[in-house]
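Trainee: So I've got this file, run27.pdb, and it contains PDB, C-alpha atoms, pLDDT in the B column:
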MODEL        1
ATOM      1  CA  MET A  42      28.721 -63.883 101.958  1.00 68.00           C
ATOM      2  CA  THR A  43      26.416 -60.931 101.336  1.00 85.00           C
ATOM      3  CA  ILE A  44      26.523 -58.692  98.301  1.00 79.00           C
ATOM      4  CA  LEU A  45      27.614 -55.745 100.455  1.00 83.00           C
ATOM      5  CA  LYS A  46      30.854 -57.562 101.323  1.00 87.00           C
ATOM      6  CA  TRP A  47      31.759 -58.179  97.673  1.00 88.00           C
ATOM      7  CA  ASP A  48      34.448 -56.134  95.934  1.00 89.00           C
ATOM      8  CA  HIS A  49      33.185 -52.673  94.923  1.00 92.00           C
ATOM      9  CA  ASN A  50      34.234 -53.237  91.296  1.00 93.00           C
ATOM     10  CA  LEU A  51      32.171 -56.429  91.122  1.00 92.00           C
ATOM     11  CA  GLN A  52      29.122 -54.704  92.595  1.00 91.00           C
ATOM     12  CA  ILE A  53      29.276 -51.933  89.988  1.00 93.00           C
ATOM     13  CA  ARG A  54      29.773 -54.369  87.124  1.00 93.00           C
ATOM     14  CA  LEU A  55      26.860 -56.555  88.210  1.00 92.00           C
ATOM     15  CA  LEU A  56      24.593 -53.528  88.603  1.00 93.00           C
ATOM     16  CA  GLY A  57      25.594 -52.264  85.169  1.00 93.00           C
ATOM     17  CA  GLU A  58      24.926 -55.636  83.553  1.00 91.00           C
ATOM     18  CA  ALA A  59      21.552 -55.876  85.271  1.00 92.00           C
ATOM     19  CA  ILE A  60      20.520 -52.431  84.014  1.00 93.00           C
ATOM     20  CA  VAL A  61      21.678 -53.115  80.453  1.00 88.00           C
ATOM     21  CA  HIS A  62      19.843 -56.451  80.280  1.00 87.00           C
ATOM     22  CA  LEU A  63      16.722 -55.026  81.895  1.00 90.00           C
ATOM     23  CA  PHE A  64      16.439 -52.243  79.329  1.00 87.00           C
ATOM     24  CA  TYR A  65      17.313 -54.611  76.474  1.00 83.00           C
ATOM     25  CA  TRP A  66      14.489 -56.987  77.318  1.00 85.00           C
ATOM     26  CA  MET A  67      12.119 -54.053  77.868  1.00 89.00           C
ATOM     27  CA  TYR A  68      12.477 -52.685  74.321  1.00 86.00           C
ATOM     28  CA  PHE A  69      13.167 -55.905  72.391  1.00 83.00           C
ATOM     29  CA  PRO A  70       9.487 -56.999  72.087  1.00 86.00           C
ATOM     30  CA  PHE A  71       8.486 -53.533  70.886  1.00 91.00           C
ATOM     31  CA  LEU A  72      11.301 -53.561  68.360  1.00 88.00           C
ATOM     32  CA  THR A  73       9.859 -56.781  66.965  1.00 89.00           C
ATOM     33  CA  VAL A  74       6.408 -55.203  66.641  1.00 93.00           C
ATOM     34  CA  TYR A  75       7.901 -52.167  64.899  1.00 93.00           C
ATOM     35  CA  PHE A  76       9.865 -54.301  62.438  1.00 92.00           C
ATOM     36  CA  SER A  77       6.817 -56.426  61.642  1.00 94.00           C
ATOM     37  CA  ARG A  78       4.726 -53.328  60.892  1.00 95.00           C
ATOM     38  CA  GLU A  79       7.373 -51.585  58.809  1.00 95.00           C
ATOM     39  CA  LEU A  80       9.065 -54.505  57.045  1.00 95.00           C
ATOM     40  CA  GLY A  81       6.600 -57.385  57.221  1.00 95.00           C
ATOM     41  CA  ASN A  82       6.431 -60.455  59.397  1.00 94.00           C
ATOM     42  CA  SER A  83       8.859 -62.645  57.461  1.00 94.00           C
ATOM     43  CA  ILE A  84      11.661 -60.054  57.348  1.00 94.00           C
ATOM     44  CA  ALA A  85      11.066 -59.139  61.006  1.00 93.00           C
ATOM     45  CA  GLY A  86      11.324 -62.803  61.927  1.00 91.00           C
ATOM     46  CA  MET A  87      14.612 -63.121  60.083  1.00 92.00           C
ATOM     47  CA  LEU A  88      15.966 -59.973  61.738  1.00 89.00           C
ATOM     48  CA  MET A  89      15.053 -61.299  65.172  1.00 88.00           C
ATOM     49  CA  MET A  90      16.856 -64.586  64.453  1.00 89.00           C
ATOM     50  CA  ILE A  91      20.183 -62.894  63.686  1.00 88.00           C
ATOM     51  CA  PRO A  92      21.336 -62.037  67.267  1.00 82.00           C
ATOM     52  CA  PRO A  93      20.865 -65.572  68.708  1.00 82.00           C
ATOM     53  CA  ILE A  94      22.559 -67.167  65.700  1.00 88.00           C
ATOM     54  CA  VAL A  95      25.513 -64.770  65.818  1.00 87.00           C
ATOM     55  CA  SER A  96      25.872 -65.221  69.581  1.00 79.00           C
ATOM     56  CA  THR A  97      26.191 -69.006  69.193  1.00 82.00           C
ATOM     57  CA  TRP A  98      29.036 -68.511  66.698  1.00 79.00           C
ATOM     58  CA  ALA A  99      30.839 -66.173  69.085  1.00 66.00           C
ATOM     59  CA  ILE A 100      31.224 -68.887  71.710  1.00 59.00           C
TER
ENDMDL
END
Now that the file is in, can you turn its structure into structure tokens?
Mentor:
Amino acid sequence: MTILKWDHNLQIRLLGEAIVHLFYWMYFPFLTVYFSRELGNSIAGMLMMIPPIVSTWAI
């Protein structure tokens, strides 16, 4: 089954998710560099550990 035959709602949702994740992973490394310059490496490291830890608790 090709993507063009999928439900229109599913196509839009998949495209939206792809765009959101693409932009997230495009700015995330630069956010880490910014935090390390402004707050220091140890605090930046702790800030970057928060989202993966919280996401494991949400499951």
Trainee: Evaluate the PyMOL selection byres ((chain A and resi 85-98) around 12) on the structure here and hand back the selected residues as JSON, numbers by chain.
Mentor: {"A": [69, 70, 71, 72, 73, 74, 75, 76, 77, 78, 79, 80, 81, 82, 83, 84, 99, 100]}
Trainee: I'd like the interatomic distance between atom CA of A:Ile53 and atom CA of A:Met67, to a tenth of an Å.
Mentor: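 Interatomic distance here is 21.1 Å.
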Trainee: Kindly give the distance, in Å, that separates atom CA of A:Arg54 and atom CA of A:Tyr68, rounded to a single decimal.
Mentor: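 Here the two named atoms are 21.6 Å from each other.
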Trainee: Rounded to one decimal in Å, what is the spacing between atom CA of A:Asp48 and atom CA of A:Phe64?
Mentor: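 That distance, rounded to one decimal, is 24.8 Å.
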